[in-house]
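The structure file start.cif is reproduced below (mmCIF, C-alpha atoms).
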```
data_data
loop_
_atom_site.label_atom_id
_atom_site.label_comp_id
_atom_site.auth_asym_id
_atom_site.auth_seq_id
_atom_site.Cartn_x
_atom_site.Cartn_y
_atom_site.Cartn_z
CA MET A 1 13.03 31.91 -1.10
CA LEU A 2 15.56 29.55 -2.70
CA ASP A 3 16.58 28.45 0.79
CA TRP A 4 13.01 27.41 1.54
CA ALA A 5 12.73 25.57 -1.79
CA GLY A 6 16.00 23.75 -1.10
CA LEU A 7 14.86 22.79 2.39
CA LEU A 8 11.63 21.40 0.92
CA PHE A 9 13.55 19.32 -1.65
CA VAL A 10 15.96 17.99 0.99
CA ALA A 11 13.07 17.07 3.32
CA VAL A 12 11.22 15.19 0.55
CA GLY A 13 14.43 13.38 -0.34
CA LEU A 14 15.02 12.36 3.27
CA ALA A 15 11.48 10.96 3.46
CA PHE A 16 11.99 8.95 0.27
CA ASP A 17 15.33 7.60 1.56
CA ILE A 18 14.02 6.47 4.92
CA PHE A 19 10.93 4.83 3.38
CA GLY A 20 13.09 3.05 0.84
CA CYS A 21 15.28 1.68 3.62
CA ILE A 22 12.20 0.51 5.54
CA GLY A 23 11.10 -1.31 2.37
CA LEU A 24 14.57 -2.86 2.12
CA ILE A 25 14.20 -4.22 5.66
CA ARG A 26 10.55 -5.17 5.55
CA LEU A 27 9.80 -6.96 2.26
CA PRO A 28 10.20 -10.74 1.92
CA ASP A 29 12.05 -11.24 -1.37
CA VAL A 30 15.08 -10.05 -3.35
CA TYR A 31 12.97 -8.79 -6.25
CA LEU A 32 10.45 -7.04 -4.03
CA ARG A 33 13.23 -5.38 -2.06
CA LEU A 34 14.84 -4.23 -5.29
CA GLN A 35 11.52 -2.95 -6.57
CA ALA A 36 10.76 -1.05 -3.38
CA ALA A 37 14.15 0.33 -2.55
CA THR A 38 15.94 1.21 -5.77
CA LYS A 39 13.45 3.68 -7.20
CA CYS A 40 12.76 5.29 -3.83
CA ILE A 41 16.40 5.84 -2.97
CA THR A 42 17.39 7.01 -6.46
CA LEU A 43 14.62 9.61 -6.50
CA GLY A 44 15.31 10.63 -2.91
CA THR A 45 19.02 11.14 -3.48
CA CYS A 46 18.36 13.10 -6.68
CA SER A 47 15.96 15.29 -4.70
CA ILE A 48 18.57 15.89 -1.96
CA LEU A 49 21.15 16.83 -4.60
CA PHE A 50 18.74 19.24 -6.31
CA GLY A 51 17.99 20.83 -2.94
CA THR A 52 21.75 21.17 -2.43
CA PHE A 53 21.97 22.95 -5.77
CA LEU A 54 19.18 25.33 -4.74
CA VAL A 55 20.77 26.12 -1.36
CA VAL A 56 24.38 26.44 -2.49
CA GLY A 57 23.62 28.21 -5.76
CA LEU A 58 25.75 28.51 -8.88
CA THR A 59 29.00 27.68 -7.15
CA PRO A 60 31.30 24.70 -7.88
CA GLY A 61 29.35 22.73 -5.27
CA GLY A 62 26.07 23.32 -7.09
CA ILE A 63 27.49 22.30 -10.45
CA LYS A 64 28.92 19.13 -8.91
CA ALA A 65 25.49 18.38 -7.44
CA LEU A 66 23.91 18.59 -10.91
CA LEU A 67 26.66 16.33 -12.27
CA CYS A 68 25.94 13.82 -9.48
CA ILE A 69 22.22 13.85 -10.42
CA PHE A 70 23.19 13.04 -14.01
CA VAL A 71 25.50 10.18 -12.98
CA ILE A 72 23.00 8.63 -10.55
CA ALA A 73 20.10 8.83 -12.99
CA LEU A 74 22.27 7.14 -15.58
CA THR A 75 23.81 4.33 -13.51
CA SER A 76 21.29 3.32 -10.83
CA PRO A 77 18.53 1.81 -13.04
CA VAL A 78 21.18 -0.11 -14.99
CA ALA A 79 22.59 -1.51 -11.75
CA ALA A 80 19.10 -2.54 -10.57
CA HIS A 81 18.36 -4.28 -13.85
CA VAL A 82 21.67 -6.14 -13.76
CA ILE A 83 21.09 -7.31 -10.17
CA ALA A 84 17.56 -8.57 -10.93
CA ARG A 85 18.65 -10.39 -14.07
CA SER A 86 21.65 -12.06 -12.46
CA ALA A 87 19.63 -13.06 -9.38
CA HIS A 88 17.00 -14.67 -11.60
CA ARG A 89 19.60 -16.47 -13.68
CA ALA A 90 21.41 -17.67 -10.55
CA GLY A 91 18.21 -19.44 -9.55
CA ILE A 92 17.24 -17.51 -6.45
CA LYS A 93 13.74 -18.51 -5.42
CA LEU A 94 10.83 -16.13 -5.71
CA TRP A 95 8.50 -15.42 -2.82
CA GLU A 96 5.79 -18.06 -2.45
CA GLY A 97 3.02 -15.50 -2.92
CA THR A 98 4.30 -14.48 -6.35
CA VAL A 99 1.63 -14.49 -9.06
CA ALA A 100 3.55 -14.28 -12.34
CA ASP A 101 7.12 -14.89 -13.52
CA GLN A 102 7.23 -13.62 -17.07
CA TYR A 103 10.99 -13.81 -17.46
CA ALA A 104 10.89 -17.59 -16.97
CA GLU A 105 7.94 -17.84 -19.36
CA ASP A 106 9.89 -15.95 -22.00
CA GLN A 107 12.77 -18.35 -21.62
CA GLY A 108 10.43 -21.31 -22.17
CA ARG A 109 10.83 -22.68 -18.68
CA LYS A 110 7.91 -23.43 -16.45
CA ALA A 111 7.14 -20.63 -14.03
CA MET B 112 5.90 -14.14 16.70
CA LYS B 113 6.42 -12.38 13.38
CA ARG B 114 3.91 -9.68 14.27
CA TRP B 115 5.75 -9.04 17.53
CA ARG B 116 9.05 -8.63 15.69
CA TRP B 117 7.49 -6.14 13.30
CA LEU B 118 5.96 -4.22 16.17
CA ILE B 119 9.25 -4.06 18.08
CA GLY B 120 11.09 -2.90 14.95
CA ALA B 121 8.52 -0.19 14.21
CA ILE B 122 8.61 1.07 17.79
CA ALA B 123 12.42 1.18 17.77
CA LEU B 124 12.53 3.04 14.46
CA VAL B 125 9.93 5.62 15.48
CA GLY B 126 11.75 6.06 18.81
CA ILE B 127 15.11 6.72 17.15
CA LEU B 128 13.49 9.17 14.71
CA ALA B 129 11.77 10.96 17.61
CA VAL B 130 15.10 11.27 19.45
CA ILE B 131 16.70 12.70 16.28
CA VAL B 132 13.89 15.21 15.78
CA TRP B 133 13.42 16.37 19.37
CA ARG B 134 17.00 16.63 20.57
CA PRO B 135 19.06 19.49 19.17
CA PRO B 136 22.07 18.44 17.12
CA PRO B 137 25.18 18.65 19.29
CA PHE B 138 27.47 20.16 16.66
CA LEU B 139 26.85 23.19 14.49
CA PHE B 140 29.31 23.87 11.72
CA TYR B 141 28.25 27.33 10.58
CA PRO B 142 25.69 28.79 12.98
CA LYS B 143 24.97 31.74 10.67
CA LEU B 144 23.82 29.44 7.87
CA PRO B 145 20.02 29.33 7.39
CA PHE B 146 18.29 26.16 8.62
CA VAL B 147 21.49 24.73 10.09
CA ALA B 148 19.53 22.81 12.74
CA PHE B 149 17.49 21.09 10.05
CA PHE B 150 20.54 20.06 8.06
CA GLY B 151 22.27 18.83 11.21
CA ARG B 152 19.31 16.54 11.83
CA ALA B 153 19.26 15.45 8.20
CA LEU B 154 22.76 14.05 8.67
CA TYR B 155 21.50 11.85 11.51
CA VAL B 156 18.53 10.60 9.47
CA LEU B 157 20.86 9.62 6.63
CA VAL B 158 23.20 7.82 9.03
CA LEU B 159 20.19 5.91 10.43
CA ALA B 160 19.17 4.89 6.89
CA SER B 161 22.74 3.74 6.21
CA PHE B 162 22.66 1.56 9.31
CA LEU B 163 19.39 -0.01 8.10
CA CYS B 164 21.17 -0.87 4.84
CA LEU B 165 24.09 -2.34 6.80
CA TYR B 166 21.61 -4.52 8.70
CA ARG B 167 20.45 -5.96 5.38
CA VAL B 168 24.08 -6.51 4.35
CA ALA B 169 24.77 -8.37 7.60
CA ARG B 170 21.83 -10.76 7.49
CA GLY B 171 20.56 -11.01 3.99
CA PRO B 172 19.43 -14.58 3.30
CA THR B 173 20.97 -14.65 -0.18
CA SER B 174 23.94 -12.91 -1.73
CA ALA B 175 21.72 -10.90 -4.10
CA ASP B 176 20.25 -9.17 -1.03
CA ARG B 177 23.73 -8.11 -0.01
CA ILE B 178 24.50 -6.80 -3.49
CA VAL B 179 21.24 -4.77 -3.48
CA ALA B 180 22.04 -3.32 -0.06
CA VAL B 181 25.60 -2.36 -1.08
CA ASP B 182 24.26 -0.63 -4.19
CA LEU B 183 21.70 1.34 -2.20
CA LEU B 184 24.31 2.24 0.43
CA GLY B 185 26.49 3.64 -2.32
CA VAL B 186 23.64 5.76 -3.63
CA MET B 187 22.71 7.02 -0.17
CA ILE B 188 26.27 8.05 0.78
CA ILE B 189 26.04 10.60 -2.05
CA GLY B 190 23.09 12.23 -0.30
CA LEU B 191 25.18 12.29 2.89
CA CYS B 192 27.98 14.01 0.98
CA ALA B 193 25.49 16.57 -0.37
CA VAL B 194 24.21 17.43 3.11
CA LEU B 195 27.81 17.70 4.34
CA THR B 196 28.45 20.10 1.46
CA ILE B 197 25.60 22.30 2.68
CA THR B 198 26.59 22.26 6.34
CA THR B 199 30.33 22.81 5.91
CA GLN B 200 30.37 24.92 2.71
CA ARG B 201 33.16 22.78 1.29
CA SER B 202 32.50 21.58 -2.25
CA TRP B 203 34.97 18.69 -2.32
CA TYR B 204 32.58 16.40 -0.47
CA LEU B 205 30.66 16.09 -3.73
CA ASP B 206 33.88 14.99 -5.44
CA ILE B 207 33.90 12.08 -3.00
CA GLY B 208 30.25 11.43 -3.84
CA LEU B 209 30.87 11.40 -7.57
CA ALA B 210 33.78 8.99 -7.30
CA TRP B 211 31.77 6.80 -4.91
CA ALA B 212 28.85 6.65 -7.40
CA LEU B 213 31.01 5.51 -10.30
CA GLN B 214 32.98 3.02 -8.22
CA SER B 215 29.81 1.58 -6.64
CA PHE B 216 28.35 1.05 -10.12
CA ILE B 217 31.44 -0.84 -11.26
CA THR B 218 31.39 -2.92 -8.06
CA VAL B 219 27.75 -3.88 -8.55
CA LEU B 220 28.37 -4.88 -12.16
CA ALA B 221 31.33 -7.07 -11.17
CA LEU B 222 29.49 -8.75 -8.29
CA SER B 223 26.43 -9.41 -10.45
CA LYS B 224 28.46 -11.00 -13.22
CA PHE B 225 30.16 -13.12 -10.57
CA LEU B 226 26.76 -14.19 -9.21
CA GLU B 227 25.27 -14.95 -12.61
CA GLY B 228 27.27 -18.02 -13.54
CA LYS B 229 26.94 -19.98 -10.33
CA ASN B 230 24.72 -20.58 -7.38
CA PHE B 231 27.12 -20.20 -4.51
CA ASP B 232 24.60 -20.07 -1.71
CA ALA B 233 21.06 -21.27 -1.35
#
```

Can you dump the structure from the file as structure tokens?
Amino acid sequence: MLDWAGLLFVAVGLAFDIFGCIGLIRLPDVYLRLQAATKCITLGTCSILFGTFLVVGLTPGGIKALLCIFVIALTSPVAAHVIARSAHRAGIKLWEGTVADQYAEDQGRKA
Amino acid sequence: MKRWRWLIGAIALVGILAVIVWRPPPFLFYPKLPFVAFFGRALYVLVLASFLCLYRVARGPTSADRIVAVDLLGVMIIGLCAVLTITTQRSWYLDIGLAWALQSFITVLALSKFLEGKNFDA
């Protein structure tokens, strides 16, 4: 039973990973790529690690998998935020179909 | 022209995924493990996703694209380590994953601070 649950979690995680990578290839802009790929791949990798915990069980491998989930959930959103902020401050152009740029409006510049 | 490139890319991706799914994996670590064929294929899917990330590293138009792709590659290698832990029953692969996660985070922070002050490519 736990093996089936772990297989389901690993399969869902693989689907999230591959769709996140397709978004990383396909989308036209740094910010859109970040938006598409970071959340997908973080959730997919956390799902794979939880499936690993379900398959392996309460062994050292399972405990390390839970620790990896904690570390990824803590560091990956911070890294995405830092990349977006530094790319905006370095003056990388937005896609020409962009509707709103609220970070520039907050800084008093023209969007 | 752009539509044709998208079509060719989609056909290539679906073809590679079909080859991964339909061919049996050529190496089996522990044949008595449940679902070992599925986890052997999961390794190939993760390697394919890593190569897509490396494509974005190779020809990202700006340097922020490359930083994003390196970050995502670092997160995805941890999933690869987890699947290797299942298929080989060795728990030290997740030690590699943990160290890789922390070091990738530090790398991304350093590269982003380096990018923030200057505009070193268009």

Chain B residues near chain A (7 Å cut-off, all atoms listed in the file) as a PyMOL selection string: chain B and resi 160+163-164+167+175-176+179+183+186-187+190+193+197+202+205+209+212+216+219-220+223-224+226-230

Write out as a list in words each polymer residue whose atoms come within 8 Å of B:Leu191, counting only C-alpha atoms; drop sequence neighbours fewer than 2 positions from it.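 The contact residues come out as Leu154, Leu157, Val158, Met187, Ile188, Ile189, Ala193, Val194 and Leu195 of chain B.
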
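Comparing the minimum interatomic distances between A:Met1 and each of A:Ala36, A:Leu27, A:Leu54, A:Ala104, counting all atoms listed in the file, we find that A:Leu54 sits nearest.
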
Rounded to one decimal in Å, what is the spacing between atom CA of B:Asp182 and atom CA of B:Trp203?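 For atom CA of B:Asp182 relative to atom CA of B:Trp203, the distance reads 22.2 Å.
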
All file atoms of stretch 158-162 of chain B boxed axis-aligned, 5 Å per side, centre plus edges, as JSON:
```
{"center_x": 21.2, "center_y": 4.7, "center_z": 8.3, "size_x": 14.0, "size_y": 16.3, "size_z": 14.2}
```

Nearest residue to B:Phe150 out of B:Trp133, B:Ala221, B:Ser215, B:Thr196, using all atoms listed in the file? B:Thr196

Atomic separation - atom CA of B:Ile127 relative to atom CA of B:Val147, Å: 20.4 Å

Could you jot down the atom CA of B:Gly151 to atom CA of A:Val12 separation for me, Å, one decimal place? 15.8 Å
